[in-house]
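Shown here: work-v7.cif, mmCIF, C-alpha atoms.
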```cif
data_input
#
loop_
_atom_site.label_atom_id
_atom_site.label_comp_id
_atom_site.auth_asym_id
_atom_site.auth_seq_id
_atom_site.Cartn_x
_atom_site.Cartn_y
_atom_site.Cartn_z
CA MET A 1 307.59 30.66 -38.19
CA LYS A 2 307.17 29.16 -34.76
CA ARG A 3 304.84 26.46 -33.54
CA VAL A 4 303.38 26.36 -30.04
CA ARG A 5 301.14 23.91 -28.26
CA VAL A 6 298.69 25.49 -25.87
CA GLU A 7 296.87 23.34 -23.37
CA ILE A 8 293.79 24.58 -21.51
CA ARG A 9 292.71 22.58 -18.50
CA LEU A 10 290.31 23.07 -15.61
CA LYS A 11 291.76 24.58 -12.47
CA PRO A 12 292.33 22.02 -9.71
CA GLY A 13 289.18 21.31 -7.73
CA HIS A 14 286.83 22.33 -10.54
CA PHE A 15 284.09 19.87 -11.36
CA ASP A 16 284.79 18.11 -14.65
CA PRO A 17 281.57 16.46 -15.88
CA GLU A 18 283.14 15.48 -19.21
CA GLY A 19 286.03 13.75 -17.43
CA ASP A 20 283.69 11.96 -15.04
CA VAL A 21 281.47 10.44 -17.75
CA THR A 22 284.56 9.49 -19.76
CA ALA A 23 285.99 7.75 -16.68
CA LYS A 24 282.72 5.89 -16.18
CA SER A 25 282.65 4.73 -19.79
CA LEU A 26 286.27 3.56 -19.57
CA ARG A 27 285.47 1.65 -16.36
CA ASP A 28 282.47 0.06 -18.13
CA LEU A 29 284.94 -1.16 -20.77
CA GLY A 30 286.98 -2.86 -18.06
CA PHE A 31 289.79 -0.33 -17.53
CA ALA A 32 290.85 0.34 -13.94
CA VAL A 33 290.42 4.08 -14.31
CA SER A 34 290.09 6.20 -11.18
CA LYS A 35 289.94 9.66 -12.73
CA VAL A 36 289.93 11.41 -16.09
CA GLY A 37 290.71 15.08 -16.60
CA VAL A 38 289.74 16.56 -19.94
CA SER A 39 291.81 19.33 -21.44
CA LYS A 40 291.86 21.08 -24.78
CA ALA A 41 294.98 21.51 -26.87
CA TYR A 42 295.66 23.97 -29.70
CA THR A 43 298.62 23.71 -32.04
CA ILE A 44 299.31 27.21 -33.29
CA ASP A 45 301.68 28.30 -36.04
CA LEU A 46 302.61 31.94 -35.73
CA GLU A 47 305.15 34.49 -36.87
CA ALA A 48 307.66 35.16 -34.09
CA LYS A 49 311.35 36.03 -34.00
CA SER A 50 312.20 33.83 -31.03
CA ASP A 51 310.77 31.10 -28.83
CA SER A 52 310.23 33.56 -26.00
CA GLU A 53 308.34 35.93 -28.30
CA ALA A 54 306.14 33.00 -29.43
CA VAL A 55 305.44 32.02 -25.81
CA GLU A 56 304.61 35.59 -24.90
CA ALA A 57 302.14 35.82 -27.79
CA ALA A 58 300.57 32.47 -26.86
CA ASN A 59 300.15 33.57 -23.25
CA ALA A 60 298.34 36.67 -24.47
CA MET A 61 296.11 34.49 -26.69
CA CYS A 62 295.14 32.43 -23.65
CA LYS A 63 294.28 35.51 -21.64
CA LYS A 64 292.29 37.12 -24.45
CA LEU A 65 290.43 34.13 -25.88
CA LEU A 66 291.49 30.56 -25.27
CA ALA A 67 291.16 30.36 -21.46
CA ASN A 68 288.48 31.72 -19.17
CA PRO A 69 290.23 32.82 -15.96
CA THR A 70 287.31 31.71 -13.77
CA LYS A 71 287.79 28.03 -14.55
CA ASP A 72 290.88 27.46 -16.70
CA ASN A 73 294.63 27.13 -16.27
CA PHE A 74 296.84 27.06 -19.32
CA SER A 75 300.34 26.04 -20.35
CA VAL A 76 302.37 26.83 -23.45
CA GLU A 77 305.08 24.72 -25.02
CA VAL A 78 307.20 25.50 -28.11
CA LEU A 79 307.20 22.65 -30.63
CA LYS A 80 309.75 21.83 -33.29
CA VAL A 81 308.38 22.50 -36.75
CA GLU A 82 309.04 19.51 -38.95
CA GLU A 83 309.31 20.23 -42.64
CA GLY A 84 306.07 19.87 -44.58
CA THR A 85 303.81 20.03 -41.52
CA HIS A 86 302.83 23.68 -41.84
CA ARG A 87 299.61 24.43 -43.61
CA GLU A 88 298.11 27.80 -44.32
CA GLY A 89 294.92 28.23 -42.38
CA LYS A 90 292.07 30.60 -43.17
CA MET B 1 259.39 57.70 -26.42
CA LYS B 2 256.48 56.58 -28.57
CA LEU B 3 256.74 52.89 -29.29
CA LYS B 4 256.20 53.52 -33.01
CA GLN B 5 259.44 55.53 -33.09
CA ALA B 6 261.41 52.93 -31.14
CA LYS B 7 263.27 50.02 -32.64
CA ALA B 8 264.79 46.80 -31.41
CA CYS B 9 267.63 44.85 -32.98
CA VAL B 10 268.15 41.11 -32.76
CA LEU B 11 271.74 40.30 -33.68
CA ARG B 12 272.76 37.05 -35.30
CA VAL B 13 275.82 35.24 -36.58
CA GLY B 14 276.37 31.72 -37.89
CA GLY B 15 274.84 29.25 -35.42
CA THR B 16 272.34 31.63 -33.82
CA ASN B 17 268.82 30.36 -33.21
CA CYS B 18 265.46 31.72 -32.05
CA ASP B 19 266.27 35.13 -33.56
CA LEU B 20 262.94 35.00 -35.40
CA GLU B 21 261.03 33.97 -32.26
CA VAL B 22 262.48 36.97 -30.39
CA SER B 23 261.66 39.24 -33.32
CA SER B 24 258.11 37.87 -33.42
CA ALA B 25 257.66 38.42 -29.67
CA LEU B 26 258.87 42.03 -29.84
CA THR B 27 256.85 42.80 -32.98
CA GLU B 28 253.73 41.38 -31.29
CA LEU B 29 254.29 43.87 -28.46
CA GLY B 30 254.39 46.75 -30.92
CA ILE B 31 258.07 47.55 -31.41
CA GLY B 32 259.61 47.45 -34.88
CA THR B 33 262.38 44.85 -34.85
CA ASP B 34 265.27 44.22 -37.23
CA VAL B 35 267.16 40.94 -37.29
CA LEU B 36 270.68 41.92 -38.30
CA HIS B 37 273.75 39.87 -39.02
CA MET B 38 276.81 41.15 -37.14
CA ASN B 39 278.35 42.40 -40.40
CA GLN B 40 275.21 44.43 -41.16
CA ALA B 41 275.18 45.82 -37.62
CA ILE B 42 278.82 46.89 -37.91
CA LYS B 43 278.01 48.81 -41.11
CA LYS B 44 274.78 50.29 -39.80
CA GLY B 45 275.75 50.97 -36.18
CA LEU B 46 273.45 50.59 -33.20
CA SER B 47 272.37 54.19 -32.68
CA ASP B 48 268.91 53.66 -34.25
CA TYR B 49 267.96 51.11 -31.63
CA GLN B 50 266.65 51.22 -28.07
CA MET B 51 267.02 47.51 -27.42
CA LEU B 52 269.53 44.90 -28.46
CA VAL B 53 268.99 41.15 -28.13
CA PHE B 54 271.62 38.43 -28.34
CA PRO B 55 269.59 35.32 -29.00
CA GLY B 56 270.30 31.68 -28.26
CA GLY B 57 272.07 29.07 -30.31
CA PHE B 58 275.63 27.96 -30.81
CA SER B 59 277.43 30.96 -32.23
CA TYR B 60 280.42 29.94 -34.36
CA GLY B 61 279.81 26.35 -33.28
CA ASP B 62 280.60 27.33 -29.68
CA TYR B 63 284.22 26.55 -30.55
CA VAL B 64 286.79 27.37 -27.86
CA ARG B 65 284.01 27.91 -25.28
CA ALA B 66 280.31 28.66 -25.45
CA GLY B 67 279.93 32.25 -26.65
CA ALA B 68 283.68 32.96 -26.61
CA ILE B 69 284.29 33.66 -30.29
CA TRP B 70 281.28 35.91 -30.77
CA GLY B 71 282.03 37.62 -27.47
CA LYS B 72 285.56 38.55 -28.56
CA GLU B 73 284.36 39.50 -32.05
CA LEU B 74 281.93 41.92 -30.42
CA VAL B 75 284.72 43.47 -28.40
CA THR B 76 287.02 43.94 -31.37
CA ARG B 77 284.50 44.90 -34.06
CA LEU B 78 281.56 46.49 -32.24
CA GLY B 79 283.00 47.13 -28.77
CA LYS B 80 282.79 50.93 -28.73
CA GLU B 81 279.25 50.92 -30.15
CA LEU B 82 278.13 48.33 -27.62
CA GLN B 83 279.80 50.18 -24.77
CA ARG B 84 278.05 53.40 -25.78
CA PHE B 85 274.74 51.53 -26.08
CA ILE B 86 275.13 50.20 -22.53
CA ASP B 87 276.33 53.54 -21.13
CA GLU B 88 273.26 55.25 -22.62
CA GLU B 89 271.21 52.85 -20.47
CA LYS B 90 269.55 51.28 -23.47
CA LEU B 91 268.38 47.70 -23.02
CA VAL B 92 270.51 44.65 -23.78
CA LEU B 93 269.14 41.14 -23.36
CA GLY B 94 271.20 37.97 -23.75
CA ILE B 95 269.28 34.72 -23.95
CA CYS B 96 271.08 31.39 -23.47
CA ASN B 97 274.03 31.61 -25.88
CA GLY B 98 273.46 35.37 -25.79
CA PHE B 99 274.03 35.28 -22.03
CA GLN B 100 277.25 33.32 -22.56
CA VAL B 101 278.31 35.91 -25.15
CA LEU B 102 277.65 38.85 -22.81
CA VAL B 103 279.67 37.14 -20.06
CA GLU B 104 282.55 36.58 -22.50
CA THR B 105 282.53 40.26 -23.49
CA GLY B 106 282.75 41.23 -19.82
CA ALA B 107 279.44 43.19 -20.02
CA LEU B 108 278.00 40.80 -17.43
CA PRO B 109 278.07 40.56 -14.46
CA GLY B 110 278.97 44.20 -15.10
CA ASP B 111 281.54 44.97 -12.47
CA GLY B 112 282.36 48.34 -13.93
CA ALA B 113 284.82 47.26 -16.61
CA SER B 114 281.95 46.45 -18.97
CA VAL B 115 282.91 45.52 -22.54
CA SER B 116 286.51 44.72 -21.70
CA GLY B 117 286.74 41.28 -23.28
CA ILE B 118 288.02 39.91 -19.97
CA PRO B 119 285.32 37.74 -18.41
CA SER B 120 284.89 37.55 -14.65
CA ALA B 121 282.46 34.62 -14.81
CA VAL B 122 281.78 31.61 -17.00
CA LEU B 123 278.90 29.36 -18.06
CA ALA B 124 280.54 25.95 -17.62
CA ASN B 125 279.37 22.47 -18.64
CA ASN B 126 276.21 21.31 -16.90
CA ASN B 127 276.86 19.12 -13.86
CA SER B 128 274.73 16.40 -15.48
CA SER B 129 277.09 16.31 -18.50
CA LYS B 130 273.93 16.44 -20.57
CA TYR B 131 272.18 18.91 -22.80
CA GLU B 132 269.23 19.97 -20.60
CA CYS B 133 266.18 20.77 -22.68
CA ARG B 134 262.96 21.18 -20.69
CA TRP B 135 260.75 23.50 -18.66
CA VAL B 136 262.09 24.91 -15.42
CA ARG B 137 260.67 27.04 -12.64
CA LEU B 138 262.22 30.44 -12.13
CA ARG B 139 261.85 32.52 -9.03
CA VAL B 140 261.96 36.27 -9.57
CA GLU B 141 264.71 37.39 -7.24
CA SER B 142 265.16 41.01 -8.14
CA LYS B 143 263.26 43.86 -9.73
CA ARG B 144 266.45 45.81 -10.29
CA THR B 145 266.12 45.41 -14.04
CA PRO B 146 263.31 46.70 -16.31
CA PHE B 147 262.97 43.14 -17.62
CA THR B 148 261.27 42.06 -14.37
CA SER B 149 259.28 45.26 -13.81
CA THR B 150 255.97 43.59 -14.67
CA LEU B 151 256.68 40.59 -12.42
CA ASN B 152 256.50 40.39 -8.63
CA LYS B 153 259.42 39.61 -6.35
CA ASP B 154 259.41 35.90 -5.43
CA GLN B 155 256.90 35.15 -8.21
CA VAL B 156 257.51 31.80 -9.88
CA ILE B 157 257.36 31.59 -13.66
CA MET B 158 257.79 28.69 -16.08
CA VAL B 159 260.25 29.09 -18.95
CA PRO B 160 262.15 26.38 -20.85
CA VAL B 161 265.92 25.88 -20.96
CA GLY B 162 267.96 24.23 -23.72
CA HIS B 163 271.69 24.22 -23.05
CA GLY B 164 274.77 22.13 -22.36
CA GLU B 165 276.76 24.90 -20.70
CA GLY B 166 274.67 26.79 -18.19
CA ARG B 167 276.49 26.32 -14.90
CA LEU B 168 277.30 29.86 -13.86
CA LEU B 169 280.59 30.13 -12.01
CA LEU B 170 281.92 33.39 -10.61
CA GLN B 171 285.51 34.34 -10.07
CA SER B 172 285.13 34.51 -6.29
CA GLN B 173 282.73 34.01 -3.40
CA GLY B 174 283.00 37.74 -2.75
CA MET B 175 281.63 38.40 -6.18
CA LEU B 176 278.54 36.31 -5.44
CA GLU B 177 277.93 38.28 -2.27
CA GLU B 178 278.33 41.50 -4.21
CA LEU B 179 275.81 40.35 -6.83
CA ILE B 180 273.32 39.41 -4.11
CA ASP B 181 273.81 42.70 -2.24
CA ASP B 182 273.43 44.72 -5.45
CA LYS B 183 270.29 42.75 -6.41
CA GLN B 184 271.95 41.67 -9.66
CA VAL B 185 270.70 38.09 -9.26
CA VAL B 186 267.48 38.32 -11.28
CA PHE B 187 266.23 34.73 -11.61
CA ARG B 188 266.94 31.58 -9.59
CA TYR B 189 265.91 28.02 -10.38
CA ALA B 190 263.15 27.04 -7.95
CA LEU B 191 261.42 24.03 -6.41
CA GLU B 192 257.69 23.42 -6.76
CA ASP B 193 256.96 25.40 -3.58
CA GLY B 194 258.79 28.41 -5.03
CA SER B 195 261.85 28.19 -2.79
CA PRO B 196 265.30 28.20 -4.42
CA ALA B 197 266.39 24.80 -5.77
CA GLY B 198 269.40 24.63 -3.44
CA GLY B 199 271.47 23.01 -6.18
CA LYS B 200 268.99 20.13 -6.42
CA TYR B 201 268.76 18.40 -9.79
CA PRO B 202 266.65 18.47 -11.93
CA GLU B 203 265.10 21.70 -10.60
CA ASN B 204 268.50 23.37 -10.98
CA PRO B 205 269.27 21.94 -14.44
CA ASN B 206 272.98 22.74 -14.55
CA GLY B 207 274.39 23.16 -11.05
CA ALA B 208 274.74 26.95 -11.30
CA ILE B 209 276.06 28.63 -8.18
CA PHE B 210 273.26 29.94 -5.91
CA ASP B 211 270.76 28.45 -8.46
CA ILE B 212 271.34 31.49 -10.66
CA ALA B 213 269.45 31.45 -13.97
CA GLY B 214 269.81 35.13 -14.83
CA ILE B 215 271.78 38.18 -13.77
CA CYS B 216 271.91 41.86 -14.66
CA ASN B 217 274.59 44.52 -14.58
CA LYS B 218 274.76 47.13 -11.85
CA LYS B 219 272.44 49.54 -13.66
CA GLY B 220 269.99 46.79 -14.60
CA ASN B 221 269.84 47.65 -18.30
CA VAL B 222 271.86 44.60 -19.36
CA MET B 223 270.42 41.19 -18.47
CA GLY B 224 271.46 37.67 -19.37
CA MET B 225 269.48 34.53 -18.69
CA MET B 226 269.89 30.87 -19.62
CA PRO B 227 266.14 30.09 -20.08
CA HIS B 228 264.37 31.15 -23.27
CA PRO B 229 261.48 33.59 -22.61
CA GLU B 230 260.67 33.73 -26.35
CA ARG B 231 259.85 30.01 -26.20
CA ALA B 232 257.22 30.77 -23.52
CA PHE B 233 255.60 33.75 -25.17
CA TYR B 234 252.39 32.34 -26.67
CA GLY B 235 249.99 29.96 -24.92
CA TRP B 236 250.42 27.43 -27.70
CA GLN B 237 254.12 27.10 -26.86
CA LEU B 238 253.34 25.81 -23.36
CA PRO B 239 253.23 22.15 -22.31
CA SER B 240 249.50 22.58 -21.63
CA TRP B 241 248.79 23.80 -25.17
CA GLY B 242 246.49 20.90 -26.04
CA VAL B 243 244.25 21.19 -22.98
CA ALA B 244 243.34 24.74 -22.08
CA PRO B 245 246.31 26.96 -22.73
CA PRO B 246 246.27 30.55 -21.54
CA GLU B 247 246.63 33.11 -24.32
CA PHE B 248 250.21 33.89 -23.34
CA GLY B 249 253.08 32.23 -21.48
CA ASP B 250 255.19 33.63 -18.65
CA GLY B 251 258.03 34.66 -20.94
CA ARG B 252 255.90 37.46 -22.35
CA ALA B 253 256.23 39.46 -19.09
CA ILE B 254 260.00 39.82 -19.59
CA PHE B 255 259.53 41.45 -23.01
CA GLU B 256 256.65 43.57 -21.66
CA GLY B 257 258.96 44.92 -18.97
CA ALA B 258 261.41 45.96 -21.68
CA ILE B 259 258.68 47.63 -23.73
CA ASN B 260 257.44 49.62 -20.72
CA TYR B 261 260.98 50.86 -20.12
CA ILE B 262 261.37 51.93 -23.76
CA LYS B 263 258.08 53.85 -23.61
CA LYS B 264 259.53 55.87 -20.74
CA MET B 265 262.86 56.56 -22.47
#
```
Render the structure in this file as structure tokens.
Amino acid sequence: MKRVRVEIRLKPGHFDPEGDVTAKSLRDLGFAVSKVGVSKAYTIDLEAKSDSEAVEAANAMCKKLLANPTKDNFSVEVLKVEEGTHREGK
Amino acid sequence: MKLKQAKACVLRVGGTNCDLEVSSALTELGIGTDVLHMNQAIKKGLSDYQMLVFPGGFSYGDYVRAGAIWGKELVTRLGKELQRFIDEEKLVLGICNGFQVLVETGALPGDGASVSGIPSAVLANNNSSKYECRWVRLRVESKRTPFTSTLNKDQVIMVPVGHGEGRLLLQSQGMLEELIDDKQVVFRYALEDGSPAGGKYPENPNGAIFDIAGICNKKGNVMGMMPHPERAFYGWQLPSWGVAPPEFGDGRAIFEGAINYIKKM
């Protein structure tokens, strides 16, 4: 079993309303925040023989479902699976 | 085709809404309508139907992205049926979340690839960061699709929106030009004088490119729109309902256009 972390973020230059209101709220709380970018992360456990096979599968997942090519970029990182942290999903 | 022999199907999954309103609108216009869960539709197939409606809501909680999960489920479980339905030039209407779903399947804007599962557009978060739930003005931009056949070009109609992700973005500027040239831009958000909103808020509720509220595929038989015509069907649904409401709202014309097309099938 392999574990990958997939991060989906807006392409540079895309308007990020969620980031902007979050930045405003943080500034209201007194933080010197100039910009917030919101991204979405998925931690995915999957069956793969090697890290490269896991990355390849995760890239395909991004293209087929997790990212929309009009607005999203994505990155994939292989994580170390610590014992006892795997749970069977539905 | 005689209307009595024709049938429409409103599809639903967990999180769908207004399926009954759409069914009521179509039934009122004389076409027998089934509301089917996806699983029922997969068993039954779509060949009995002349019209398919993807209603609004928050299918599968809008997890991942609005309409993404249902869109991909359609491709994998009902893709061939849906492709055939579209190729036979039967009518497909996506309202709000249904529009998002059709974009995620690749059926809209309809650049030829159709139900590919690879989207070439997206309905992104509203510029206002808010859920926009109110009446908007729509300018009829194109009569390319049967859905606007009973309306006039440049006519302004009032239909409500209710969405958090309605900002249409296209993959490229060239694609926008192509949509305009092919008359695939069906509705645009408009100002009081009927001119396009020019991105102005609140008339354009989400910041959609070119004020686009609805588009159709190249053949015109598949249309998606963010506003809800079924919520502007009866006079009593309109903001003026307490004063002197007309018998019907502007949304009715969109369904009437579909019915007229089916009669000619």
**Message:** Quick check on the file I pasted: which residues fall under the PyMOL selection byres ((chain B) within 9 of (chain A))? Write them as a PyMOL selection string.
**Reply:** chain B and resi 64-65+68-69+72+104+117-122+124-130+169-172
With a distance cut-off of 6 Å and only C-alpha atoms, select the neighbouring residues of Leu93 (chain B), excluding the residue or stretch itself and same-chain residues fewer than 5 positions from it, and output the selection as a PDB file with C-alpha atoms, in the coordinates of the input.
```
ATOM      1  CA  VAL B  53     268.990  41.150 -28.130  1.00  0.00           C
ATOM      2  CA  VAL B 222     271.860  44.600 -19.360  1.00  0.00           C
ATOM      3  CA  MET B 223     270.420  41.190 -18.470  1.00  0.00           C
ATOM      4  CA  GLY B 224     271.460  37.670 -19.370  1.00  0.00           C
TER       5      GLY B 224
END
```
**Item:** Residues matched by the PyMOL selection byres ((chain B and resi 214-219) around 6) as a PyMOL selection string
**Value:** chain B and resi 108-110+184-187+212-213+220-225
**Prompt:** Once you count only C-alpha atoms, which residues end up no further than 8 Å from (263.6, 42.9, -15.3) in the file's frame, shown as a ChimeraX atom specification?
**Reply:** /B:142-151,186,220,223,254,257-258
**Message:** Taking all atoms listed in the file into account, name the residue in A:Asn59, A:Asn73, A:Thr85, A:Thr43 that is nearest to Arg3 (chain A).
**Reply:**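 Closest residue, counting all atoms listed in the file: A:Thr43.
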**Message:** Once the PyMOL selection byres ((chain B and resi 248) around 6) is applied to the coordinates I shared, what remains selected? I want it as a list in words.
**Reply:** Phe233, Tyr234, Gly235, Pro246, Glu247 and Gly249 of chain B
**Message:** Just to confirm, what's the straight-line distance from CA of Gly13 (chain A) to CA of Glu77 (chain A) in Å (one decimal)?
**Reply:**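 The value is 23.7 Å.
The protein and nucleic acid residues lying at most 8 Å from region 131-134 of chain B are Asn126, Pro160, Val161, Gly162, His163, Gly164, Glu165, Pro205 and Asn206 of chain B, with all atoms listed in the file considered and sequence neighbours fewer than 3 positions away removed.
Nearest to Gly61 (chain B) of all the residues B:Thr16, B:Leu3, B:Val92, B:Glu230 is B:Thr16, based on all atoms listed in the file.
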**Between CA of Gly166 (chain B) and CA of Gly207 (chain B), distance in Å (one decimal)** =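 Pair CA of Gly166 (chain B) / CA of Gly207 (chain B) returns 8.0 Å.
Every polymer residue reaching to within 9 Å of (253.0, 32.4, -15.6), counting all atoms listed in the file, appears in this list: Gln155, Val156, Ile157, Met158, Val159, Phe248, Gly249, Asp250, Gly251, Arg252 and Ala253 of chain B.
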**Item:** Between CA of Lys44 (chain B) and CA of Lys2 (chain B) - distance in Å to one decimal
**Value:**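 Answer for the CA of Lys2 (chain B) to CA of Lys44 (chain B) separation: 22.4 Å.
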**Item:** Close residues, Cys9 (chain B) itself excluded, 7 Å, only C-alpha atoms, min 3 positions apart in chain, as number ranges by chain
**Value:** B: 33-36, 49, 51-53
For the residues selected in the previous step, produce a file with C-alpha atoms as a compact mmCIF listing (two decimals), keeping the file's coordinate frame.
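The resulting file, part-v9.txt, is reproduced below:
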```txt
# COMPACT_ATOMS: atom_id res chain seq x y z
CA THR B 33 262.38 44.85 -34.85
CA ASP B 34 265.27 44.22 -37.23
CA VAL B 35 267.16 40.94 -37.29
CA LEU B 36 270.68 41.92 -38.30
CA TYR B 49 267.96 51.11 -31.63
CA MET B 51 267.02 47.51 -27.42
CA LEU B 52 269.53 44.90 -28.46
CA VAL B 53 268.99 41.15 -28.13
```
**Request:** Find, counting all atoms listed in the file, the residue in A:Glu56, A:Asp72, A:Arg5, A:Cys62 that gets nearest to Val38 (chain A).
**Result:** A:Asp72
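With all atoms listed in the file as the atoms that count, the minimum distance from Arg167 (chain B) to the choices B:Asp62, B:Ser116, B:Ile209, B:Cys18 is reached by B:Ile209.
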Please, could N, CA and C atoms be added to region 22-48 of chain A and the result written as a compact mmCIF listing (two decimals), in the frame of the given file?
```txt
# COMPACT_ATOMS: atom_id res chain seq x y z
N THR A 22 283.56 10.24 -18.98
CA THR A 22 284.56 9.49 -19.76
C THR A 22 285.16 8.39 -18.88
N ALA A 23 285.44 8.74 -17.61
CA ALA A 23 285.99 7.75 -16.68
C ALA A 23 285.01 6.59 -16.50
N LYS A 24 283.74 6.93 -16.38
CA LYS A 24 282.72 5.89 -16.18
C LYS A 24 282.68 4.95 -17.38
N SER A 25 282.71 5.55 -18.58
CA SER A 25 282.65 4.73 -19.79
C SER A 25 283.88 3.82 -19.90
N LEU A 26 285.05 4.37 -19.52
CA LEU A 26 286.27 3.56 -19.57
C LEU A 26 286.20 2.42 -18.55
N ARG A 27 285.64 2.70 -17.38
CA ARG A 27 285.47 1.65 -16.36
C ARG A 27 284.51 0.58 -16.87
N ASP A 28 283.43 1.02 -17.56
CA ASP A 28 282.47 0.06 -18.13
C ASP A 28 283.17 -0.87 -19.12
N LEU A 29 284.20 -0.35 -19.79
CA LEU A 29 284.94 -1.16 -20.77
C LEU A 29 285.99 -2.05 -20.11
N GLY A 30 286.09 -1.97 -18.78
CA GLY A 30 286.98 -2.86 -18.06
C GLY A 30 288.31 -2.26 -17.67
N PHE A 31 288.52 -0.96 -17.92
CA PHE A 31 289.79 -0.33 -17.53
C PHE A 31 289.71 0.13 -16.07
N ALA A 32 290.83 -0.05 -15.36
CA ALA A 32 290.85 0.34 -13.94
C ALA A 32 291.16 1.84 -13.83
N VAL A 33 290.21 2.63 -14.28
CA VAL A 33 290.42 4.08 -14.31
C VAL A 33 289.84 4.72 -13.05
N SER A 34 290.64 5.54 -12.36
CA SER A 34 290.09 6.20 -11.18
C SER A 34 289.64 7.63 -11.51
N LYS A 35 290.31 8.28 -12.44
CA LYS A 35 289.94 9.66 -12.73
C LYS A 35 290.37 10.07 -14.14
N VAL A 36 289.55 10.86 -14.79
CA VAL A 36 289.93 11.41 -16.09
C VAL A 36 289.80 12.93 -16.02
N GLY A 37 290.79 13.62 -16.47
CA GLY A 37 290.71 15.08 -16.60
C GLY A 37 290.74 15.42 -18.07
N VAL A 38 289.79 16.21 -18.52
CA VAL A 38 289.74 16.56 -19.94
C VAL A 38 290.37 17.94 -20.14
N SER A 39 291.25 18.02 -21.12
CA SER A 39 291.81 19.33 -21.44
C SER A 39 291.70 19.54 -22.95
N LYS A 40 291.98 20.75 -23.36
CA LYS A 40 291.86 21.08 -24.78
C LYS A 40 293.22 21.58 -25.25
N ALA A 41 293.67 21.08 -26.39
CA ALA A 41 294.98 21.51 -26.87
C ALA A 41 294.86 22.19 -28.24
N TYR A 42 295.61 23.25 -28.42
CA TYR A 42 295.66 23.97 -29.70
C TYR A 42 297.10 23.94 -30.18
N THR A 43 297.31 23.58 -31.45
CA THR A 43 298.62 23.71 -32.04
C THR A 43 298.58 24.94 -32.93
N ILE A 44 299.41 25.91 -32.63
CA ILE A 44 299.31 27.21 -33.29
C ILE A 44 300.62 27.55 -34.00
N ASP A 45 300.53 27.80 -35.28
CA ASP A 45 301.68 28.30 -36.04
C ASP A 45 301.59 29.81 -36.08
N LEU A 46 302.65 30.48 -35.75
CA LEU A 46 302.61 31.94 -35.73
C LEU A 46 303.95 32.53 -36.12
N GLU A 47 303.91 33.78 -36.53
CA GLU A 47 305.15 34.49 -36.87
C GLU A 47 305.74 35.04 -35.58
N ALA A 48 306.97 34.63 -35.27
CA ALA A 48 307.66 35.16 -34.09
C ALA A 48 309.15 35.03 -34.32
```
